[in-house]
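Raw contents of coords.pdb, PDB, C-alpha atoms, pLDDT in the B column:
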ATOM      1  CA  MET A   1      -1.184 -24.607  -7.660  1.00 74.00           C
ATOM      2  CA  LEU A   2      -3.265 -21.721  -8.996  1.00 94.00           C
ATOM      3  CA  ILE A   3      -5.387 -19.872  -6.441  1.00 97.00           C
ATOM      4  CA  GLU A   4      -8.793 -18.678  -7.661  1.00 97.00           C
ATOM      5  CA  SER A   5     -10.648 -17.530  -4.520  1.00 97.00           C
ATOM      6  CA  LYS A   6     -10.009 -15.769  -1.237  1.00 97.00           C
ATOM      7  CA  ALA A   7     -10.850 -18.943   0.696  1.00 97.00           C
ATOM      8  CA  ASP A   8      -8.235 -20.863  -1.295  1.00 97.00           C
ATOM      9  CA  LEU A   9      -5.733 -18.059  -0.701  1.00 97.00           C
ATOM     10  CA  LEU A  10      -6.181 -18.191   3.075  1.00 96.00           C
ATOM     11  CA  ALA A  11      -5.872 -21.971   3.007  1.00 96.00           C
ATOM     12  CA  ALA A  12      -2.669 -21.743   0.955  1.00 97.00           C
ATOM     13  CA  LEU A  13      -1.201 -19.201   3.380  1.00 97.00           C
ATOM     14  CA  ALA A  14      -2.053 -21.440   6.318  1.00 95.00           C
ATOM     15  CA  GLU A  15      -0.110 -24.306   4.725  1.00 95.00           C
ATOM     16  CA  SER A  16       2.792 -22.328   3.260  1.00 95.00           C
ATOM     17  CA  THR A  17       6.365 -22.510   4.531  1.00 92.00           C
ATOM     18  CA  GLY A  18       7.795 -20.355   1.742  1.00 94.00           C
ATOM     19  CA  GLY A  19       7.817 -19.859  -2.025  1.00 96.00           C
ATOM     20  CA  GLU A  20       5.240 -18.498  -4.466  1.00 97.00           C
ATOM     21  CA  ILE A  21       1.462 -18.562  -4.348  1.00 97.00           C
ATOM     22  CA  LEU A  22       0.089 -17.781  -7.816  1.00 98.00           C
ATOM     23  CA  LEU A  23      -3.174 -15.835  -8.007  1.00 98.00           C
ATOM     24  CA  ALA A  24      -5.558 -16.165 -10.935  1.00 98.00           C
ATOM     25  CA  PRO A  25      -7.139 -12.968 -12.303  1.00 98.00           C
ATOM     26  CA  GLY A  26     -10.110 -11.716 -10.289  1.00 97.00           C
ATOM     27  CA  ASN A  27     -11.018  -9.678  -7.250  1.00 98.00           C
ATOM     28  CA  TYR A  28     -10.076 -11.144  -3.874  1.00 98.00           C
ATOM     29  CA  GLY A  29     -11.877  -8.528  -1.797  1.00 97.00           C
ATOM     30  CA  SER A  30     -10.305  -7.388   1.473  1.00 98.00           C
ATOM     31  CA  LEU A  31      -7.359  -9.270   2.934  1.00 98.00           C
ATOM     32  CA  LYS A  32      -6.508  -8.896   6.619  1.00 97.00           C
ATOM     33  CA  LEU A  33      -3.592 -10.807   8.131  1.00 97.00           C
ATOM     34  CA  ARG A  34      -3.009 -10.342  11.850  1.00 96.00           C
ATOM     35  CA  ALA A  35      -0.158 -12.329  13.376  1.00 95.00           C
ATOM     36  CA  ASP A  36      -1.447 -12.115  16.949  1.00 91.00           C
ATOM     37  CA  GLN A  37      -4.610 -13.915  15.792  1.00 93.00           C
ATOM     38  CA  GLN A  38      -3.465 -15.899  12.719  1.00 92.00           C
ATOM     39  CA  SER A  39      -0.319 -17.998  12.848  1.00 86.00           C
ATOM     40  CA  TYR A  40       0.000 -17.881   9.054  1.00 87.00           C
ATOM     41  CA  ALA A  41       0.647 -14.121   9.030  1.00 94.00           C
ATOM     42  CA  GLN A  42       4.309 -14.733   9.932  1.00 96.00           C
ATOM     43  CA  PHE A  43       6.656 -16.957   7.949  1.00 96.00           C
ATOM     44  CA  ASP A  44      10.198 -18.195   8.569  1.00 95.00           C
ATOM     45  CA  SER A  45      11.053 -17.627   4.908  1.00 96.00           C
ATOM     46  CA  GLU A  46       9.616 -15.396   2.203  1.00 97.00           C
ATOM     47  CA  VAL A  47       6.127 -16.134   0.890  1.00 97.00           C
ATOM     48  CA  THR A  48       5.211 -14.353  -2.346  1.00 98.00           C
ATOM     49  CA  LEU A  49       1.661 -13.673  -3.527  1.00 98.00           C
ATOM     50  CA  LYS A  50       2.053 -13.180  -7.264  1.00 98.00           C
ATOM     51  CA  SER A  51      -0.390 -12.598 -10.082  1.00 98.00           C
ATOM     52  CA  ALA A  52      -0.287 -15.478 -12.536  1.00 98.00           C
ATOM     53  CA  ASP A  53      -1.057 -13.082 -15.414  1.00 97.00           C
ATOM     54  CA  PRO A  54       0.755  -9.723 -15.066  1.00 92.00           C
ATOM     55  CA  ALA A  55      -1.469  -8.268 -17.795  1.00 95.00           C
ATOM     56  CA  ASN A  56      -4.586  -9.126 -15.768  1.00 97.00           C
ATOM     57  CA  PRO A  57      -3.470  -8.845 -12.137  1.00 98.00           C
ATOM     58  CA  ALA A  58      -5.231 -10.221  -9.100  1.00 98.00           C
ATOM     59  CA  ALA A  59      -7.033  -7.325  -7.396  1.00 98.00           C
ATOM     60  CA  PHE A  60      -7.715  -6.500  -3.755  1.00 98.00           C
ATOM     61  CA  ASP A  61     -10.117  -3.865  -2.417  1.00 98.00           C
ATOM     62  CA  SER A  62      -7.921  -3.457   0.671  1.00 98.00           C
ATOM     63  CA  ILE A  63      -5.010  -5.139   2.452  1.00 98.00           C
ATOM     64  CA  TRP A  64      -4.273  -4.804   6.172  1.00 98.00           C
ATOM     65  CA  LEU A  65      -1.171  -6.454   7.631  1.00 98.00           C
ATOM     66  CA  ILE A  66      -0.587  -6.455  11.400  1.00 98.00           C
ATOM     67  CA  LEU A  67       2.721  -7.816  12.781  1.00 98.00           C
ATOM     68  CA  ALA A  68       3.178  -9.865   9.600  1.00 98.00           C
ATOM     69  CA  LYS A  69       6.607 -11.144   8.544  1.00 98.00           C
ATOM     70  CA  ASN A  70       8.306 -12.298   5.338  1.00 98.00           C
ATOM     71  CA  LEU A  71       5.467 -11.551   2.921  1.00 98.00           C
ATOM     72  CA  THR A  72       5.784 -10.239  -0.630  1.00 98.00           C
ATOM     73  CA  PHE A  73       3.115  -9.003  -3.053  1.00 98.00           C
ATOM     74  CA  ASP A  74       4.234  -9.067  -6.679  1.00 98.00           C
ATOM     75  CA  GLY A  75       2.219  -7.786  -9.624  1.00 98.00           C
ATOM     76  CA  ILE A  76      -1.084  -7.295  -7.830  1.00 98.00           C
ATOM     77  CA  LYS A  77      -3.605  -4.456  -8.025  1.00 98.00           C
ATOM     78  CA  LEU A  78      -4.990  -2.496  -5.094  1.00 98.00           C
ATOM     79  CA  ASP A  79      -8.314  -1.281  -6.444  1.00 97.00           C
ATOM     80  CA  TYR A  80      -9.810   1.312  -4.092  1.00 98.00           C
ATOM     81  CA  THR A  81     -13.357   2.584  -4.635  1.00 97.00           C
ATOM     82  CA  PHE A  82     -14.481   5.706  -2.791  1.00 96.00           C
ATOM     83  CA  ALA A  83     -17.677   5.326  -0.749  1.00 94.00           C
ATOM     84  CA  ALA A  84     -19.775   7.973   0.993  1.00 91.00           C
ATOM     85  CA  GLY A  85     -18.323   8.628   4.426  1.00 90.00           C
ATOM     86  CA  ASP A  86     -14.745   7.656   3.526  1.00 93.00           C
ATOM     87  CA  ARG A  87     -12.198   9.996   5.083  1.00 90.00           C
ATOM     88  CA  GLN A  88      -9.411  11.591   3.085  1.00 88.00           C
ATOM     89  CA  TRP A  89      -6.896   9.848   5.357  1.00 90.00           C
ATOM     90  CA  ALA A  90      -8.357   6.372   4.763  1.00 95.00           C
ATOM     91  CA  SER A  91      -5.652   3.808   3.929  1.00 97.00           C
ATOM     92  CA  PRO A  92      -6.753   0.836   1.807  1.00 97.00           C
ATOM     93  CA  LEU A  93      -3.311  -0.745   2.188  1.00 98.00           C
ATOM     94  CA  LYS A  94      -2.051  -0.583   5.750  1.00 98.00           C
ATOM     95  CA  ILE A  95       1.077  -2.189   7.212  1.00 98.00           C
ATOM     96  CA  GLU A  96       1.421  -2.071  11.014  1.00 98.00           C
ATOM     97  CA  GLY A  97       4.428  -3.305  12.977  1.00 98.00           C
ATOM     98  CA  CYS A  98       5.487  -5.667  10.207  1.00 98.00           C
ATOM     99  CA  CYS A  99       8.898  -7.007   9.196  1.00 98.00           C
ATOM    100  CA  HIS A 100      10.325  -7.959   5.803  1.00 98.00           C
ATOM    101  CA  ILE A 101       7.364  -6.895   3.660  1.00 98.00           C
ATOM    102  CA  ARG A 102       7.832  -6.181  -0.052  1.00 98.00           C
ATOM    103  CA  ILE A 103       5.340  -4.783  -2.574  1.00 98.00           C
ATOM    104  CA  SER A 104       6.611  -4.653  -6.127  1.00 98.00           C
ATOM    105  CA  ASN A 105       5.447  -4.365  -9.733  1.00 98.00           C
ATOM    106  CA  SER A 106       1.946  -3.535  -8.517  1.00 98.00           C
ATOM    107  CA  ILE A 107      -0.772  -0.992  -9.254  1.00 98.00           C
ATOM    108  CA  PHE A 108      -2.219   1.281  -6.575  1.00 98.00           C
ATOM    109  CA  ASP A 109      -5.414   2.437  -8.290  1.00 98.00           C
ATOM    110  CA  GLY A 110      -7.103   5.140  -6.205  1.00 98.00           C
ATOM    111  CA  ASP A 111     -10.395   6.930  -6.750  1.00 98.00           C
ATOM    112  CA  LEU A 112     -11.888  10.411  -6.901  1.00 97.00           C
ATOM    113  CA  ALA A 113     -13.954  11.901  -4.092  1.00 96.00           C
ATOM    114  CA  GLU A 114     -17.647  12.639  -4.583  1.00 95.00           C
ATOM    115  CA  GLY A 115     -20.149  14.597  -2.515  1.00 93.00           C
ATOM    116  CA  ILE A 116     -17.656  16.198  -0.106  1.00 93.00           C
ATOM    117  CA  ASP A 117     -17.072  19.779  -1.278  1.00 92.00           C
ATOM    118  CA  ALA A 118     -15.952  21.754  -4.300  1.00 90.00           C
ATOM    119  CA  VAL A 119     -12.279  21.506  -3.322  1.00 92.00           C
ATOM    120  CA  SER A 120     -12.330  17.727  -2.860  1.00 94.00           C
ATOM    121  CA  ASP A 121     -14.836  16.428  -5.394  1.00 95.00           C
ATOM    122  CA  GLU A 122     -13.371  14.871  -8.537  1.00 95.00           C
ATOM    123  CA  TYR A 123      -9.871  14.804  -7.065  1.00 96.00           C
ATOM    124  CA  GLY A 124      -7.854  11.961  -5.570  1.00 97.00           C
ATOM    125  CA  THR A 125      -8.675  10.885  -2.035  1.00 97.00           C
ATOM    126  CA  ALA A 126      -7.300   8.499   0.649  1.00 97.00           C
ATOM    127  CA  ARG A 127      -3.689   7.282   0.959  1.00 98.00           C
ATOM    128  CA  GLY A 128      -2.392   4.542  -1.309  1.00 98.00           C
ATOM    129  CA  ILE A 129      -0.246   2.954   1.387  1.00 98.00           C
ATOM    130  CA  LEU A 130       0.289   3.590   5.089  1.00 98.00           C
ATOM    131  CA  VAL A 131       3.241   1.947   6.865  1.00 98.00           C
ATOM    132  CA  VAL A 132       3.433   2.534  10.617  1.00 98.00           C
ATOM    133  CA  GLY A 133       4.539   0.900  13.844  1.00 97.00           C
ATOM    134  CA  ARG A 134       2.127  -0.839  16.185  1.00 96.00           C
ATOM    135  CA  GLU A 135       2.339   0.043  19.867  1.00 92.00           C
ATOM    136  CA  THR A 136       6.052  -0.499  20.713  1.00 92.00           C
ATOM    137  CA  THR A 137       6.870  -2.442  17.514  1.00 96.00           C
ATOM    138  CA  LYS A 138       8.231  -0.531  14.548  1.00 97.00           C
ATOM    139  CA  SER A 139       7.790  -1.693  10.998  1.00 98.00           C
ATOM    140  CA  GLN A 140      11.162  -2.868   9.657  1.00 98.00           C
ATOM    141  CA  HIS A 141      12.693  -3.913   6.339  1.00 98.00           C
ATOM    142  CA  ILE A 142       9.870  -2.610   4.143  1.00 98.00           C
ATOM    143  CA  THR A 143      10.398  -2.386   0.364  1.00 98.00           C
ATOM    144  CA  ILE A 144       8.045  -0.528  -1.994  1.00 98.00           C
ATOM    145  CA  THR A 145       9.455  -0.786  -5.501  1.00 98.00           C
ATOM    146  CA  ASN A 146       8.425  -0.499  -9.158  1.00 98.00           C
ATOM    147  CA  ASN A 147       4.771   0.277  -8.455  1.00 98.00           C
ATOM    148  CA  GLU A 148       2.352   2.785  -9.976  1.00 98.00           C
ATOM    149  CA  PHE A 149       0.296   5.109  -7.739  1.00 98.00           C
ATOM    150  CA  PHE A 150      -2.463   7.341  -9.088  1.00 98.00           C
ATOM    151  CA  ASN A 151      -5.704   9.089  -8.047  1.00 98.00           C
ATOM    152  CA  TRP A 152      -4.865   9.430  -4.332  1.00 98.00           C
ATOM    153  CA  MET A 153      -4.836  12.238  -1.780  1.00 97.00           C
ATOM    154  CA  ARG A 154      -1.312  11.037  -0.904  1.00 97.00           C
ATOM    155  CA  ALA A 155       0.498   8.136  -2.519  1.00 98.00           C
ATOM    156  CA  GLY A 156       2.144   6.914   0.688  1.00 98.00           C
ATOM    157  CA  VAL A 157       2.813   7.764   4.326  1.00 98.00           C
ATOM    158  CA  PHE A 158       5.615   6.065   6.293  1.00 98.00           C
ATOM    159  CA  ALA A 159       5.959   6.554  10.064  1.00 98.00           C
ATOM    160  CA  ASP A 160       8.004   4.680  12.686  1.00 98.00           C
ATOM    161  CA  VAL A 161       9.775   2.574  10.070  1.00 98.00           C
ATOM    162  CA  ASP A 162      13.384   1.337  10.057  1.00 98.00           C
ATOM    163  CA  ASP A 163      15.206   0.045   6.963  1.00 98.00           C
ATOM    164  CA  LEU A 164      12.831   1.291   4.288  1.00 98.00           C
ATOM    165  CA  VAL A 165      13.298   1.282   0.506  1.00 98.00           C
ATOM    166  CA  VAL A 166      11.014   3.317  -1.771  1.00 98.00           C
ATOM    167  CA  SER A 167      12.358   3.029  -5.296  1.00 98.00           C
ATOM    168  CA  GLY A 168      11.400   2.916  -8.942  1.00 98.00           C
ATOM    169  CA  ASN A 169       7.780   3.958  -8.387  1.00 99.00           C
ATOM    170  CA  ASP A 170       5.638   5.955 -10.835  1.00 98.00           C
ATOM    171  CA  VAL A 171       3.533   8.468  -8.882  1.00 98.00           C
ATOM    172  CA  HIS A 172       1.064  10.744 -10.642  1.00 98.00           C
ATOM    173  CA  SER A 173      -2.431  12.287 -10.492  1.00 98.00           C
ATOM    174  CA  ILE A 174      -2.047  12.915  -6.739  1.00 97.00           C
ATOM    175  CA  ARG A 175      -3.955  15.665  -4.946  1.00 96.00           C
ATOM    176  CA  SER A 176      -1.535  16.442  -2.078  1.00 96.00           C
ATOM    177  CA  ASP A 177       1.902  14.957  -1.246  1.00 96.00           C
ATOM    178  CA  GLY A 178       3.577  12.100  -3.049  1.00 98.00           C
ATOM    179  CA  PHE A 179       5.404  10.393  -0.172  1.00 98.00           C
ATOM    180  CA  ASP A 180       5.501  11.546   3.466  1.00 98.00           C
ATOM    181  CA  PHE A 181       8.116  10.282   5.960  1.00 98.00           C
ATOM    182  CA  ILE A 182       7.900  10.614   9.761  1.00 98.00           C
ATOM    183  CA  THR A 183      10.414   9.230  12.312  1.00 97.00           C
ATOM    184  CA  VAL A 184      12.111   6.870   9.882  1.00 98.00           C
ATOM    185  CA  ASN A 185      15.652   5.460   9.984  1.00 98.00           C
ATOM    186  CA  ARG A 186      17.922   4.043   7.284  1.00 98.00           C
ATOM    187  CA  VAL A 187      15.797   4.967   4.270  1.00 98.00           C
ATOM    188  CA  VAL A 188      16.578   4.722   0.558  1.00 98.00           C
ATOM    189  CA  ILE A 189      14.439   6.861  -1.785  1.00 98.00           C
ATOM    190  CA  GLU A 190      15.605   6.615  -5.376  1.00 98.00           C
ATOM    191  CA  ASP A 191      14.613   6.447  -9.041  1.00 98.00           C
ATOM    192  CA  ASN A 192      10.967   7.383  -8.431  1.00 98.00           C
ATOM    193  CA  HIS A 193       9.120   9.244 -11.197  1.00 98.00           C
ATOM    194  CA  ILE A 194       6.849  11.705  -9.378  1.00 98.00           C
ATOM    195  CA  HIS A 195       4.913  13.966 -11.704  1.00 98.00           C
ATOM    196  CA  ASP A 196       1.674  15.597 -12.904  1.00 97.00           C
ATOM    197  CA  PHE A 197      -0.212  16.119  -9.643  1.00 96.00           C
ATOM    198  CA  VAL A 198      -3.870  17.137  -9.929  1.00 94.00           C
ATOM    199  CA  ALA A 199      -5.739  19.275  -7.393  1.00 89.00           C
ATOM    200  CA  SER A 200      -8.273  22.073  -7.252  1.00 86.00           C
ATOM    201  CA  PRO A 201      -6.708  25.525  -7.667  1.00 87.00           C
ATOM    202  CA  ASP A 202      -8.632  26.477  -4.504  1.00 89.00           C
ATOM    203  CA  SER A 203      -6.971  23.736  -2.450  1.00 88.00           C
ATOM    204  CA  SER A 204      -4.421  24.658   0.242  1.00 88.00           C
ATOM    205  CA  ASP A 205      -2.518  21.382  -0.260  1.00 87.00           C
ATOM    206  CA  HIS A 206       1.242  21.827  -0.627  1.00 83.00           C
ATOM    207  CA  ARG A 207       1.539  19.156  -3.315  1.00 90.00           C
ATOM    208  CA  ASP A 208       5.095  18.277  -2.306  1.00 94.00           C
ATOM    209  CA  PHE A 209       6.589  15.342  -4.180  1.00 97.00           C
ATOM    210  CA  ILE A 210       8.460  14.203  -1.038  1.00 97.00           C
ATOM    211  CA  GLN A 211       7.950  15.620   2.448  1.00 96.00           C
ATOM    212  CA  PHE A 212       9.493  14.840   5.845  1.00 96.00           C
ATOM    213  CA  TRP A 213       7.371  15.690   8.875  1.00 89.00           C
TER     214      TRP A 213
END

Final C-alpha cells representation of the file:
Amino acid sequence: MLIESKADLLAALAESTGGEILLAPGNYGSLKLRADQQSYAQFDSEVTLKSADPANPAAFDSIWLILAKNLTFDGIKLDYTFAAGDRQWASPLKIEGCCHIRISNSIFDGDLAEGIDAVSDEYGTARGILVVGRETTKSQHITITNNEFFNWMRAGVFADVDDLVVSGNDVHSIRSDGFDFITVNRVVIEDNHIHDFVASPDSSDHRDFIQFW
C-alpha cells in the first residue's frame, strides 16, 4: 500500500504490527508520535517508513518522537525552513526517551538564518537532530547512518543516550559543531565524512567536527 497523505500515514501506523510503510513523494508536514498518548508510537517489531522513490523522497518539516519504539525512517527528507523567531538551538527532528530508532539514507536539509545579526545571517541555524532522554528514561539503541546533513548550526546533539551508532554520514556546510555528545554510553562513531564548515569569520563558534561535553 502506497501512502500519499499524512492522514493515511497515521492510519497506517495505527494498524501496523511491523514491516514497511511506503511513502509517495510529497510533503507530510510535521509528524509527532508520543507513546504516552498514542499507542501506535511503540511497536513490538520494527516498522519502517520508507520513501517509495529514493530520487524524490517523502519530506517532513519536523519530526518529534517521544518514548517511541522500533521505528525506522529510510530515505526520507527533513526539510527545515527558518522562520522569524526561530532559535539557533531549535531542533526540527527530536527524539526523546526512545528505543530502537533508526534513521538512514536520509537528507537533513537545514536553512540559513535571516534578520538576526551580521554573525548569524546567511549561515546555518538550528540543530539537524537532537536525541535526548525524557525525565528518567534514556534514549537507547539509536542508529543514525548514511545520511547527509547541511546548512545547520549543529548537525546533531546526543545527550543521555545508551547504545548509539553514528556512522557513514556526510556532514558539511555547518556553522558550529558537527556532532556533540553528552553523557552517552556505548557509542560507535565511524566512517563519517565531516567537512567544509561555513561560518562568519567574526563568529566565536569553535567549529569542532566532533565534540564531547

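Residue membership of the PyMOL selection byres ((chain A and resi 162) around 7) in the shown file amounts to Ser139, Gln140, His141, Asp160, Val161, Asp163, Leu164, Val184, Asn185 and Arg186 of chain A.
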
Of the listed residues A:Ala12, A:Leu112, A:Ile107, A:Leu130, that which approaches Asp170 of chain A most closely, counting all atoms listed in the file
A:Ile107

Evaluate the PyMOL selection byres ((chain A and resi 206) around 12) and record the selected residues as a tab-separated table (two decimals) with C-alpha atoms, in the coordinates of the input, following the chain and residue labels used in the document.
chain	number	residue	atom	x	y	z
A	153	MET	CA	-4.84	12.24	-1.78
A	154	ARG	CA	-1.31	11.04	-0.90
A	174	ILE	CA	-2.05	12.92	-6.74
A	175	ARG	CA	-3.96	15.66	-4.95
A	176	SER	CA	-1.54	16.44	-2.08
A	177	ASP	CA	1.90	14.96	-1.25
A	178	GLY	CA	3.58	12.10	-3.05
A	180	ASP	CA	5.50	11.55	3.47
A	197	PHE	CA	-0.21	16.12	-9.64
A	198	VAL	CA	-3.87	17.14	-9.93
A	199	ALA	CA	-5.74	19.27	-7.39
A	200	SER	CA	-8.27	22.07	-7.25
A	201	PRO	CA	-6.71	25.52	-7.67
A	202	ASP	CA	-8.63	26.48	-4.50
A	203	SER	CA	-6.97	23.74	-2.45
A	204	SER	CA	-4.42	24.66	0.24
A	205	ASP	CA	-2.52	21.38	-0.26
A	207	ARG	CA	1.54	19.16	-3.32
A	208	ASP	CA	5.10	18.28	-2.31
A	209	PHE	CA	6.59	15.34	-4.18
A	210	ILE	CA	8.46	14.20	-1.04
A	211	GLN	CA	7.95	15.62	2.45

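Residue membership of the PyMOL selection byres ((chain A and resi 155) around 6) in the shown file amounts to Arg127, Gly128, Trp152, Arg154, Gly156, Gly178 and Phe179 of chain A.
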
Write a file of the selected residues as a short mmCIF file (atom, residue, chain, number, x, y, z; two decimals), in the coordinates of the input, keeping C-alpha atoms.
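As written to disk, again04.cif reads:
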data_model
loop_
_atom_site.label_atom_id
_atom_site.label_comp_id
_atom_site.auth_asym_id
_atom_site.auth_seq_id
_atom_site.Cartn_x
_atom_site.Cartn_y
_atom_site.Cartn_z
CA ARG A 127 -3.69 7.28 0.96
CA GLY A 128 -2.39 4.54 -1.31
CA TRP A 152 -4.86 9.43 -4.33
CA ARG A 154 -1.31 11.04 -0.90
CA GLY A 156 2.14 6.91 0.69
CA GLY A 178 3.58 12.10 -3.05
CA PHE A 179 5.40 10.39 -0.17
#

Using Å and a single decimal, report how far atom CA of Gly97 of chain A sits from atom CA of Gly133 of chain A.
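One can read the atom CA of Gly133 of chain A to atom CA of Gly97 of chain A distance as 4.3 Å.
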
So how many Å separate atom CA of Lys6 of chain A and atom CA of Leu31 of chain A, to one decimal?
8.2 Å

Once you count all atoms listed in the file, which residues end up no further than 8 Å from (12.0, 0.1, 0.5) in the file's frame, shown as a short mmCIF file (atom, residue, chain, number, x, y, z; two decimals) with C-alpha atoms, in the coordinates of the input?
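Listing of part.cif after writing:
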data_model
loop_
_atom_site.label_atom_id
_atom_site.label_comp_id
_atom_site.auth_asym_id
_atom_site.auth_seq_id
_atom_site.Cartn_x
_atom_site.Cartn_y
_atom_site.Cartn_z
CA ARG A 102 7.83 -6.18 -0.05
CA HIS A 141 12.69 -3.91 6.34
CA ILE A 142 9.87 -2.61 4.14
CA THR A 143 10.40 -2.39 0.36
CA ILE A 144 8.04 -0.53 -1.99
CA THR A 145 9.46 -0.79 -5.50
CA ASP A 163 15.21 0.04 6.96
CA LEU A 164 12.83 1.29 4.29
CA VAL A 165 13.30 1.28 0.51
CA VAL A 166 11.01 3.32 -1.77
CA SER A 167 12.36 3.03 -5.30
CA VAL A 187 15.80 4.97 4.27
CA VAL A 188 16.58 4.72 0.56
CA ILE A 189 14.44 6.86 -1.78
#

Contacts of Ile116 of chain A at 10 Å (all atoms listed in the file; same-chain gap of 4+ positions) as a PyMOL selection string:
chain A and resi 84-88+120-122

Between atom CA of Glu114 of chain A and atom CA of Ala83 of chain A, what is the distance in Å, rounded to a tenth?
8.3 Å

Measuring atom to atom with only C-alpha atoms, identify which of A:Lys138, A:Lys94, A:Lys50, A:His172 is nearest to Lys32 of chain A.
A:Lys94

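Proximity of A:Ala55, A:Phe60, A:His100, A:Ser106 to Ser5 of chain A, computed with all atoms listed in the file, is greatest for A:Phe60.
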
Out of A:Val131, A:Ala41, A:Cys98, A:Val157, which residue has the shortest atom-to-atom distance to Thr17 of chain A when counting only C-alpha atoms?
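Between A:Val131, A:Ala41, A:Cys98, A:Val157, the residue approaching Thr17 of chain A most closely is A:Ala41.
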
Of the residues A:Asn146, A:Ala59, A:Trp213, A:Ser173, which is the one nearest to Asp111 of chain A, using only C-alpha atoms?
A:Ser173

Nearest candidate to Phe43 of chain A (options A:Ala24, A:Leu93, A:Ile101, A:Leu2; using only C-alpha atoms)
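The answer is A:Ile101, which sits nearest to Phe43 of chain A.
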
If we count all atoms listed in the file and set the cut-off at 8 Å, which residues sit around Ile21 of chain A, ignoring sequence neighbours fewer than 2 positions away in its own chain? Please answer as number ranges by chain.
A: 1-3, 12, 19, 23, 47-50
